[in-house]
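Let me begin by presenting the structure, written as C-alpha cells, before commenting on it.
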Amino acid sequence: MVVVIDPQIAGISGDMLLCSLVDLGANKTKIIDGIKSLEKFLPNSAISNIKFKKLEKHGIESTELILDIKEDVHERKGSEIKKAIISSTNELGLSDKAKNFAKSCIDTLMNSESKIHGVPIESVHFHEASSIDTLIDIVGVSIAIDDLGLFDEQIICMPISVGSGSVTFSHGTMSNPASAVLEILKNSGLLIQGNQIKDELTTPTGACILVNLSKSSSEFYPAMEINSIGYGAGKKDFESFSNVLKIVRGTQKNNFEMDTVKVLETNIDDVSGEILGNLIEKIMDKGAKDVSLYAGITKKGRPTNLISIICDDKTMHEIINTLISETGTLGIRVSTTERFIVPREIKEIKISLEGTVFSINYKVSSFDGKSDFKIEFDDLNHVSQILNKPIKKVESLIRKEIQSMDE
C-alpha cells in the first residue's frame with residue numbers, strides 16, 4: 001500500500017491532517033474519546049466541545065474539526081507539552097510506533113524553537129504552540145494513523161505549499177514562511193513551494209507532524225490504484241482555491257520505491273579527455289548518483305561531449321559549481337524527474353581467500369519475487385590487487401562464497 005499526502009495547494013496544519021485522516025476512514029469515536037482524555041494532562045485547559053463534521057469547502061466536501069476550548073494560559077514550557085504527550089499516549093494504549101511518532105513530533109517542534117532562539121531544549125517556551133490544540137493535533141493524528149495502520153505503509157509527500165507575504169506572532173512580524181516552519185523542514189528531504197497567497201498555509205505543528213510521517217517527497221503521484229481519499233478542511237477561506245488537505249491511499253502497481261532527482265546536462269566541446277575523466281571522479285565525490293558522457297555533433301559540425309549528471313537537491317549546487325569551474329561551461333540545463341528504484345539493501349560479509357580475510361560489500365536487489373546481488377567493484381579491485389588475480393576470477397570466487405552462505 002502507498003499513501004500520498006497532497007499539500008500542494010492549501011499547505012498543511014495539524015487539524016487539516018487529522019481531519020483528512022478521519023475522512024479517509026479513521027475511527028472518529030476512538031479519536032474523540034482519546035482527545036477528551038487529554039485535558040487532565042494540561043492544567044488550565046478544558047475541552048468543552050469536540051466533533052467532526054462534513055462541510056463543503058469551496059466546492060469540495062471535506063471533514064472539519066469543531067473544537068471549543070477554554071484556556072487561561074499564554075505560554076508553556078515545551079517540556080510540559082512533551083510530558084503531557086508521553087503520558088497521554090501511554091494511557092491510551094497506543095502502539096510503540098504511535099508513541100514514538102508522537103514523541104518525535106514534539107521533539108521536532110522543540111528542537112526548531114531551540115535552534116531559532118538559541119536556547120537549550122529544556123528552556124524552550126511555546127507561545128502559539130502552548131495551547132492544548134498542539135496536544136490535540138499530535139495525539140489525535142497518532143491515534144488516527146495507528147487506527148488506519150499507516151505506520152507500516154509507504155507515505156509520499158507532494159510539494160508543500162507555504163504561501164507568501166508575512167506572518168505575525170508573539171515575537172512580531174516576519175516574512176512567511178516563518179522561521180519555525182523553515183527550520184522544521186530543513187534537511188527533511190521534503191519540498192516546499194510558495195505561491196501568491198499572502199497568508200500562512202503551513203503551520204509549525206503541521207510541518208513537525210509531516211516530517212515525522214513522510215521522508216519521501218515527489219512532484220508526481222506514483223502508479224497506483226486508488227482505494228480511498230480523505231479531505232481535511234482548514235479554518236481559513238480563500239477565494240481562489242479550497243483550503244483542503246488531500247490524502248490518497250491506494251495500491252502501488254509495483255514494488256518499486258520512488259524518488260525525485262535532478263538531471264544536469266551540458267555540452268562540452270573544448271576540453272580534453274583527461275579533464276573529463278578527472279571531472280567524473282570529482283563530481284562523484286561531491287555526491288552525484290551517476291555521471292555519463294555521450295559523444296555527439298553540435299552546430300557547425302563540432303564534435304562534443306554531452307555530460308549528464310543525476311543528483312539530488314542537496315548536492316546540486318555544489319556539483320554545478322564544480323562543473324563550471326572544471327570545464328568553463330557557460331550554461332547547464334536542469335530538469336526534475338521521477339525514478340523508479342528496485343528495492344535493494346547493502347550487506348557486508350567477511351570472506352577468507354588464500355589465507356587473507358576480506359570485508360566484502362554487496363548489493364542485494366529484489367524484483368518479481370526473485371533476488372540478485374552485485375559485489376561492490378571497489379572491493380573486487382582491492383581483492384584483485386592483494387591476491388594478484390584477475391577481477392573476473394576474484395568475482396567468481398566471491399560469488400560462490402556468498403551463494404554458499406545464503407543457502
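Identifiers for the C-alpha cells are assigned positionally: chains receive A, B, ... in sequence, residues are indexed from 1 per chain, and ligands are indexed from 1 in the order shown.
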
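Non-sequential neighbours of Ala46 (chain A) (distance at most 8 Å, separation of 5 or more positions within a chain, only C-alpha atoms) are Glu39, Ile69, Lys70 and Glu71 of chain A.
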
Store the residues of this selection in a file with C-alpha atoms, as a compact mmCIF listing (two decimals), in the first residue's frame.
# COMPACT_ATOMS: atom_id res chain seq x y z
CA GLU A 39 -7.26 17.91 29.22
CA ILE A 69 -11.66 25.03 24.37
CA LYS A 70 -11.28 27.17 27.47
CA GLU A 71 -7.76 28.13 28.45

Practice item. Find the residues around Ile9 (chain A) up to 10 Å (only C-alpha atoms counted), leave out those fewer than 6 positions away in its own chain, and share them as an MDAnalysis selection string. Key: chainID A and resid 158:163 193:195 197 201 241:246

Check your understanding: Skipping near chain neighbours, those fewer than 3 positions away, what residues fall within 12 Å of Gly355 (chain A) using only C-alpha atoms, listed as a PyMOL selection string?
Key -> chain A and resi 351-352+358+386-387

Do you have, as JSON lines, the list of residues of region 318-367 of chain A lying at most 6 Å from region 263-279 of chain A, each with its nearest atom pair and that distance in Å to one decimal, counting only C-alpha atoms and ordered by chain then number?
{"residue": "A:Ile332", "atom": "CA", "partner": "A:Thr266", "partner_atom": "CA", "distance": 5.0}
{"residue": "A:Arg333", "atom": "CA", "partner": "A:Glu265", "partner_atom": "CA", "distance": 5.1}
{"residue": "A:Val334", "atom": "CA", "partner": "A:Leu264", "partner_atom": "CA", "distance": 4.8}
{"residue": "A:Ser335", "atom": "CA", "partner": "A:Val263", "partner_atom": "CA", "distance": 5.3}

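Each of A:Leu148, A:Val3, A:Asp133, A:Arg76 was compared to Ser214 (chain A) using only C-alpha atoms, and A:Val3 turns out to be the nearest.
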
Point to revise | Gly34 (chain A) surroundings by only C-alpha atoms, 8 Å radius, close-in-sequence under 6 positions cut, as a count of residues only | key: 3

Exercise for review: Run DSSP on the backbone and grab whatever in region 246-285 of chain A lands in alpha helix (DSSP H); send it over as a list in words.
Suggested key: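 Residues of region 246-285 of chain A classed as alpha helix (DSSP H): Gly273, Glu274, Ile275, Leu276, Gly277, Asn278, Leu279, Ile280, Glu281, Lys282, Ile283, Met284 and Asp285 of chain A.
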
Export, as a tab-separated table (two decimals), in the first residue's frame, the selected residues with N, CA and C atoms.
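Listed below is the output, part-v6.tsv:
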chain	number	residue	atom	x	y	z
A	273	GLY	N	40.15	14.90	-22.88
A	273	GLY	CA	39.62	13.69	-22.25
A	273	GLY	C	40.11	13.52	-20.83
A	274	GLU	N	41.36	13.97	-20.57
A	274	GLU	CA	41.90	13.87	-19.22
A	274	GLU	C	41.08	14.71	-18.24
A	275	ILE	N	40.70	15.91	-18.68
A	275	ILE	CA	39.89	16.77	-17.81
A	275	ILE	C	38.53	16.15	-17.55
A	276	LEU	N	37.94	15.57	-18.58
A	276	LEU	CA	36.62	14.95	-18.42
A	276	LEU	C	36.70	13.74	-17.48
A	277	GLY	N	37.78	12.95	-17.62
A	277	GLY	CA	37.93	11.80	-16.73
A	277	GLY	C	38.08	12.23	-15.28
A	278	ASN	N	38.87	13.27	-15.08
A	278	ASN	CA	39.04	13.80	-13.73
A	278	ASN	C	37.74	14.39	-13.20
A	279	LEU	N	36.96	15.02	-14.11
A	279	LEU	CA	35.69	15.64	-13.73
A	279	LEU	C	34.72	14.60	-13.17
A	280	ILE	N	34.68	13.44	-13.81
A	280	ILE	CA	33.76	12.39	-13.34
A	280	ILE	C	34.05	12.04	-11.89
A	281	GLU	N	35.32	11.85	-11.57
A	281	GLU	CA	35.70	11.49	-10.20
A	281	GLU	C	35.32	12.61	-9.22
A	282	LYS	N	35.59	13.86	-9.60
A	282	LYS	CA	35.29	14.98	-8.71
A	282	LYS	C	33.78	15.10	-8.45
A	283	ILE	N	33.00	14.94	-9.51
A	283	ILE	CA	31.55	15.08	-9.36
A	283	ILE	C	30.98	13.95	-8.53
A	284	MET	N	31.49	12.74	-8.71
A	284	MET	CA	31.02	11.63	-7.88
A	284	MET	C	31.39	11.87	-6.42
A	285	ASP	N	32.56	12.43	-6.18
A	285	ASP	CA	32.97	12.75	-4.81
A	285	ASP	C	32.07	13.82	-4.17

Practice item. Once DSSP has gone over the backbone, tell me which residues of region 254-366 of chain A are in strand (DSSP E), as a PyMOL selection string. Key: chain A and resi 257-268+290-297+303-311+333-341+344-353+356-366

Exercise for review: Tell me, in Å to one decimal, how far CA of Ser188 (chain A) is from CA of Leu18 (chain A).
Suggested key: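 Spanning CA of Ser188 (chain A) to CA of Leu18 (chain A) is a straight-line distance of 21.0 Å.
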
**Study point:** Selection near Cys311 (chain A), 9 Å with only C-alpha atoms, sequence-local residues under 2 positions removed, as a PyMOL selection string
**Key:** chain A and resi 261-264+287-291+309+313-316+319

Output the selection as a short mmCIF file (atom, residue, chain, number, x, y, z; two decimals), in the first residue's frame - N, CA and C atoms for each residue.
data_model
loop_
_atom_site.label_atom_id
_atom_site.label_comp_id
_atom_site.auth_asym_id
_atom_site.auth_seq_id
_atom_site.Cartn_x
_atom_site.Cartn_y
_atom_site.Cartn_z
N VAL A 261 14.73 13.16 -8.63
CA VAL A 261 16.14 13.54 -8.79
C VAL A 261 16.26 14.70 -9.76
N LYS A 262 17.40 15.36 -9.72
CA LYS A 262 17.74 16.39 -10.67
C LYS A 262 18.67 15.80 -11.74
N VAL A 263 18.43 16.19 -12.98
CA VAL A 263 19.33 15.80 -14.07
C VAL A 263 19.98 17.06 -14.61
N LEU A 264 21.30 17.11 -14.54
CA LEU A 264 22.08 18.26 -15.02
C LEU A 264 22.74 17.86 -16.34
N GLY A 287 28.91 13.87 -4.44
CA GLY A 287 27.63 13.27 -4.08
C GLY A 287 26.70 12.95 -5.23
N ALA A 288 27.20 13.03 -6.47
CA ALA A 288 26.36 12.66 -7.61
C ALA A 288 25.98 11.19 -7.53
N LYS A 289 24.80 10.89 -8.02
CA LYS A 289 24.36 9.49 -8.05
C LYS A 289 24.91 8.77 -9.27
N ASP A 290 25.12 9.51 -10.36
CA ASP A 290 25.71 8.92 -11.56
C ASP A 290 26.16 10.04 -12.50
N VAL A 291 27.15 9.75 -13.32
CA VAL A 291 27.64 10.68 -14.33
C VAL A 291 27.84 9.90 -15.62
N ILE A 309 24.36 14.34 -15.54
CA ILE A 309 24.60 14.03 -14.12
C ILE A 309 23.27 13.85 -13.42
N ASP A 313 18.66 17.40 -4.67
CA ASP A 313 18.64 18.84 -4.39
C ASP A 313 19.79 19.26 -3.49
N LYS A 314 20.16 18.40 -2.55
CA LYS A 314 21.18 18.77 -1.57
C LYS A 314 22.55 18.97 -2.20
N THR A 315 22.85 18.17 -3.23
CA THR A 315 24.19 18.20 -3.82
C THR A 315 24.24 19.00 -5.12
N MET A 316 23.08 19.41 -5.65
CA MET A 316 23.02 20.01 -6.98
C MET A 316 23.91 21.24 -7.12
N ILE A 319 27.64 20.58 -7.13
CA ILE A 319 28.03 19.90 -8.38
C ILE A 319 28.06 20.89 -9.54
#

Exercise for review: Find the distance between CA of Thr168 (chain A) and CA of Asp199 (chain A) and write it in Å to one decimal.
Suggested key: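 Straight-line distance from CA of Thr168 (chain A) to CA of Asp199 (chain A) works out to 10.1 Å.
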